[in-house]
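Structure data follow from coords12.pdb (PDB, C-alpha atoms, pLDDT in the B column):
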```pdb
ATOM      1  CA  MET A 529     -23.372  12.754  25.565  1.00 84.00           C
ATOM      2  CA  SER A 530     -20.326  10.777  24.446  1.00 97.00           C
ATOM      3  CA  LEU A 531     -17.387  11.940  22.367  1.00 97.00           C
ATOM      4  CA  LEU A 532     -15.117   9.836  20.180  1.00 98.00           C
ATOM      5  CA  VAL A 533     -11.400  10.582  19.931  1.00 98.00           C
ATOM      6  CA  ILE A 534      -9.454   8.900  17.153  1.00 98.00           C
ATOM      7  CA  ALA A 535      -6.119   7.691  18.516  1.00 98.00           C
ATOM      8  CA  GLU A 536      -2.990   8.352  16.533  1.00 96.00           C
ATOM      9  CA  HIS A 537      -0.249   5.795  17.033  1.00 97.00           C
ATOM     10  CA  ASP A 538       2.380   3.662  15.345  1.00 97.00           C
ATOM     11  CA  ASN A 539       0.782   0.338  16.384  1.00 97.00           C
ATOM     12  CA  ALA A 540       3.159   0.235  19.360  1.00 97.00           C
ATOM     13  CA  SER A 541       2.683   3.501  21.262  1.00 97.00           C
ATOM     14  CA  LEU A 542       0.159   6.290  21.544  1.00 98.00           C
ATOM     15  CA  LYS A 543       1.234   9.605  19.986  1.00 97.00           C
ATOM     16  CA  THR A 544       1.272  12.696  22.206  1.00 96.00           C
ATOM     17  CA  ALA A 545      -1.102  14.485  19.829  1.00 95.00           C
ATOM     18  CA  THR A 546      -3.842  12.082  20.929  1.00 97.00           C
ATOM     19  CA  LEU A 547      -3.499  13.359  24.490  1.00 97.00           C
ATOM     20  CA  ASN A 548      -4.180  16.891  23.209  1.00 94.00           C
ATOM     21  CA  ALA A 549      -7.342  15.687  21.470  1.00 95.00           C
ATOM     22  CA  VAL A 550      -8.483  13.945  24.672  1.00 97.00           C
ATOM     23  CA  ALA A 551      -7.868  17.169  26.629  1.00 95.00           C
ATOM     24  CA  ALA A 552      -9.964  19.120  24.102  1.00 93.00           C
ATOM     25  CA  ALA A 553     -12.731  16.520  24.396  1.00 94.00           C
ATOM     26  CA  GLY A 554     -12.653  16.968  28.154  1.00 95.00           C
ATOM     27  CA  LYS A 555     -13.427  20.665  27.724  1.00 92.00           C
ATOM     28  CA  ILE A 556     -16.474  19.813  25.624  1.00 93.00           C
ATOM     29  CA  GLY A 557     -17.783  17.517  28.341  1.00 92.00           C
ATOM     30  CA  GLY A 558     -19.242  14.026  28.347  1.00 95.00           C
ATOM     31  CA  ASP A 559     -17.884  10.496  28.304  1.00 98.00           C
ATOM     32  CA  ILE A 560     -14.715  10.242  26.250  1.00 98.00           C
ATOM     33  CA  HIS A 561     -14.250   7.127  24.159  1.00 98.00           C
ATOM     34  CA  VAL A 562     -11.019   6.498  22.248  1.00 98.00           C
ATOM     35  CA  LEU A 563     -10.923   4.502  19.019  1.00 98.00           C
ATOM     36  CA  VAL A 564      -7.660   2.633  18.448  1.00 98.00           C
ATOM     37  CA  ALA A 565      -7.536   1.261  14.901  1.00 98.00           C
ATOM     38  CA  GLY A 566      -4.426  -0.565  13.825  1.00 98.00           C
ATOM     39  CA  SER A 567      -2.710  -3.906  13.429  1.00 98.00           C
ATOM     40  CA  GLY A 568      -1.246  -5.519  16.521  1.00 98.00           C
ATOM     41  CA  CYS A 569      -2.221  -2.417  18.474  1.00 98.00           C
ATOM     42  CA  GLY A 570      -3.071  -3.963  21.848  1.00 97.00           C
ATOM     43  CA  ALA A 571      -0.328  -2.030  23.634  1.00 98.00           C
ATOM     44  CA  VAL A 572      -1.744   1.224  22.279  1.00 98.00           C
ATOM     45  CA  ALA A 573      -5.206   0.339  23.548  1.00 98.00           C
ATOM     46  CA  GLU A 574      -3.718  -0.382  26.979  1.00 98.00           C
ATOM     47  CA  GLN A 575      -1.975   3.018  26.989  1.00 98.00           C
ATOM     48  CA  ALA A 576      -5.171   4.764  25.884  1.00 98.00           C
ATOM     49  CA  SER A 577      -7.125   3.132  28.719  1.00 98.00           C
ATOM     50  CA  LYS A 578      -4.796   4.789  31.233  1.00 98.00           C
ATOM     51  CA  VAL A 579      -5.245   8.334  29.888  1.00 98.00           C
ATOM     52  CA  ALA A 580      -7.031  10.586  32.390  1.00 97.00           C
ATOM     53  CA  GLY A 581     -10.631  11.208  31.391  1.00 97.00           C
ATOM     54  CA  VAL A 582     -11.002   8.251  29.034  1.00 98.00           C
ATOM     55  CA  ALA A 583     -14.107   6.247  29.899  1.00 98.00           C
ATOM     56  CA  LYS A 584     -13.872   3.584  27.192  1.00 98.00           C
ATOM     57  CA  VAL A 585     -11.418   2.340  24.584  1.00 98.00           C
ATOM     58  CA  ARG A 586     -12.727   0.802  21.371  1.00 98.00           C
ATOM     59  CA  VAL A 587     -10.273  -1.341  19.410  1.00 98.00           C
ATOM     60  CA  ALA A 588     -10.287  -2.312  15.742  1.00 98.00           C
ATOM     61  CA  ASP A 589      -7.295  -4.591  15.283  1.00 98.00           C
ATOM     62  CA  ALA A 590      -6.952  -5.808  11.702  1.00 98.00           C
ATOM     63  CA  SER A 591      -4.257  -5.796   9.052  1.00 97.00           C
ATOM     64  CA  HIS A 592      -6.065  -3.265   6.841  1.00 97.00           C
ATOM     65  CA  TYR A 593      -5.930  -0.678   9.667  1.00 97.00           C
ATOM     66  CA  GLY A 594      -2.176  -1.102  10.143  1.00 95.00           C
ATOM     67  CA  ASP A 595      -1.203   1.890   7.998  1.00 94.00           C
ATOM     68  CA  GLN A 596      -4.176   3.999   9.165  1.00 94.00           C
ATOM     69  CA  THR A 597      -5.183   5.011   5.650  1.00 96.00           C
ATOM     70  CA  ALA A 598      -7.882   7.654   5.489  1.00 97.00           C
ATOM     71  CA  GLU A 599     -10.211   5.496   3.401  1.00 97.00           C
ATOM     72  CA  ASN A 600     -10.195   2.600   5.854  1.00 97.00           C
ATOM     73  CA  LEU A 601     -10.337   4.785   8.965  1.00 98.00           C
ATOM     74  CA  ALA A 602     -13.164   6.948   7.609  1.00 98.00           C
ATOM     75  CA  ALA A 603     -15.322   3.900   6.864  1.00 98.00           C
ATOM     76  CA  LEU A 604     -14.663   2.517  10.351  1.00 98.00           C
ATOM     77  CA  ILE A 605     -15.411   5.825  12.068  1.00 98.00           C
ATOM     78  CA  VAL A 606     -18.653   6.346  10.136  1.00 98.00           C
ATOM     79  CA  ALA A 607     -19.766   2.799  10.958  1.00 97.00           C
ATOM     80  CA  ASN A 608     -19.238   3.576  14.660  1.00 96.00           C
ATOM     81  CA  ALA A 609     -20.370   7.225  14.748  1.00 97.00           C
ATOM     82  CA  SER A 610     -23.872   6.633  16.045  1.00 95.00           C
ATOM     83  CA  GLY A 611     -24.325   7.912  19.582  1.00 94.00           C
ATOM     84  CA  TYR A 612     -21.422  10.361  19.516  1.00 97.00           C
ATOM     85  CA  SER A 613     -22.051  14.097  19.663  1.00 95.00           C
ATOM     86  CA  HIS A 614     -18.487  14.966  18.568  1.00 95.00           C
ATOM     87  CA  ILE A 615     -15.683  13.098  16.811  1.00 97.00           C
ATOM     88  CA  LEU A 616     -12.187  14.462  17.385  1.00 96.00           C
ATOM     89  CA  ALA A 617      -8.757  13.668  15.999  1.00 96.00           C
ATOM     90  CA  PRO A 618      -5.339  15.247  16.391  1.00 94.00           C
ATOM     91  CA  ALA A 619      -4.468  17.980  13.871  1.00 91.00           C
ATOM     92  CA  THR A 620      -1.877  15.785  12.189  1.00 93.00           C
ATOM     93  CA  SER A 621      -1.634  14.493   8.637  1.00 93.00           C
ATOM     94  CA  ILE A 622      -3.739  11.438   9.520  1.00 94.00           C
ATOM     95  CA  GLY A 623      -6.440  13.498  11.226  1.00 94.00           C
ATOM     96  CA  LYS A 624      -6.450  16.136   8.485  1.00 94.00           C
ATOM     97  CA  ASN A 625      -6.787  13.451   5.832  1.00 96.00           C
ATOM     98  CA  THR A 626      -9.419  11.338   7.598  1.00 97.00           C
ATOM     99  CA  LEU A 627     -11.886  13.728   9.234  1.00 96.00           C
ATOM    100  CA  PRO A 628     -12.941  15.611   6.081  1.00 96.00           C
ATOM    101  CA  ARG A 629     -13.946  12.233   4.630  1.00 97.00           C
ATOM    102  CA  VAL A 630     -15.856  11.382   7.811  1.00 98.00           C
ATOM    103  CA  ALA A 631     -17.648  14.746   7.767  1.00 97.00           C
ATOM    104  CA  ALA A 632     -18.626  14.291   4.129  1.00 97.00           C
ATOM    105  CA  LEU A 633     -19.908  10.749   4.689  1.00 97.00           C
ATOM    106  CA  LEU A 634     -21.916  11.854   7.737  1.00 97.00           C
ATOM    107  CA  ASP A 635     -23.072  15.052   5.991  1.00 96.00           C
ATOM    108  CA  VAL A 636     -21.966  17.259   8.886  1.00 95.00           C
ATOM    109  CA  ALA A 637     -19.777  20.333   9.156  1.00 89.00           C
ATOM    110  CA  GLN A 638     -16.166  19.894  10.154  1.00 90.00           C
ATOM    111  CA  ILE A 639     -14.520  22.215  12.624  1.00 88.00           C
ATOM    112  CA  SER A 640     -10.783  22.090  12.077  1.00 87.00           C
ATOM    113  CA  GLU A 641      -7.570  23.702  13.226  1.00 83.00           C
ATOM    114  CA  ILE A 642      -8.942  24.914  16.545  1.00 83.00           C
ATOM    115  CA  ILE A 643      -6.614  26.111  19.276  1.00 83.00           C
ATOM    116  CA  SER A 644      -9.113  26.106  22.139  1.00 86.00           C
ATOM    117  CA  VAL A 645     -12.482  24.737  23.203  1.00 87.00           C
ATOM    118  CA  VAL A 646     -14.778  27.169  25.008  1.00 89.00           C
ATOM    119  CA  ASP A 647     -17.764  24.816  25.261  1.00 86.00           C
ATOM    120  CA  ALA A 648     -19.576  22.166  23.208  1.00 84.00           C
ATOM    121  CA  ASP A 649     -20.562  24.709  20.545  1.00 86.00           C
ATOM    122  CA  THR A 650     -17.800  27.330  20.721  1.00 90.00           C
ATOM    123  CA  PHE A 651     -14.257  26.880  19.432  1.00 88.00           C
ATOM    124  CA  VAL A 652     -11.354  29.286  18.948  1.00 89.00           C
ATOM    125  CA  ARG A 653      -9.347  29.328  15.735  1.00 84.00           C
ATOM    126  CA  PRO A 654      -5.990  31.046  15.208  1.00 83.00           C
TER
END
```

Render the structure in this file as structure tokens.
Amino acid sequence: MSLLVIAEHDNASLKTATLNAVAAAGKIGGDIHVLVAGSGCGAVAEQASKVAGVAKVRVADASHYGDQTAENLAALIVANASGYSHILAPATSIGKNTLPRVAALLDVAQISEIISVVDADTFVRP
């Protein structure tokens, strides 16, 4: 089982919120892959590769990912969703705008605003 974590960044450095999402993925269990989508985001991919627990970093480096708009990210995530049991993103404005679109396109339920992961099927909300 592999999990995909969507990296949040500014095309230069990885945001701390991504580390929280990786930690949550670690509690679910399985190989953790991180998707870095941006423009000129090689440094972010390098930082993501050094995060404890990350098995693989996937990079989509193109100008139309530079602003990380929900429409572009959602299409990219859906195109790469096959083989992942869970897709996680930080609970930030980008994650909250993108993941509902991904869930709708994949026709799956979204679990949002969790504060803890008990196991692969059990999450705690506030």

Legend entry - Picked residues, the PyMOL selection byres ((chain A and resi 605) around 12), as a count of residues only: 40

Inset, instruction - Identify which of the residues A:Lys543, A:Val550, A:Glu641, A:Ala571 lies closest to Lys584 of chain A, counting all atoms listed in the file when measuring atom-to-atom distances. - result: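 The answer is A:Val550, which sits nearest to Lys584 of chain A.
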
Legend entry - Test item: residues at most 12 Å from Ser567 of chain A, all atoms listed in the file, excluding those fewer than 4 positions along its chain, as a list in words: His537, Asp538, Asn539, Ala540, Ala571, Val572, Ala573, Val587, Ala588, Asp589, Ala590, Ser591, His592, Tyr593, Gly594, Asp595 and Gln596 of chain A

Legend entry - Pairwise distance for atom CA of Ala553 of chain A and atom CA of Val645 of chain A, rounded to one decimal in Å: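 Result for atom CA of Ala553 of chain A versus atom CA of Val645 of chain A: 8.3 Å, one decimal.
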
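Closest approach to Val585 of chain A from the set A:Pro618, A:Leu547, A:Val652, A:His561 is made by A:His561, with distances taken over all atoms listed in the file.
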
Centre, edges in Å (one decimal): axis-aligned box, segment 601-615 of chain A, 3 Å padding on all six sides, as AutoDock Vina command-line options:
```
--center_x -17.3 --center_y 8.7 --center_z 13.3 --size_x 20.0 --size_y 18.4 --size_z 18.8
```

Inset, instruction - With the file shown as input, list the residues that the PyMOL selection byres ((chain A and resi 529) around 7) selects, as a ChimeraX atom specification. - result: /A:530-531,558-559,612-613
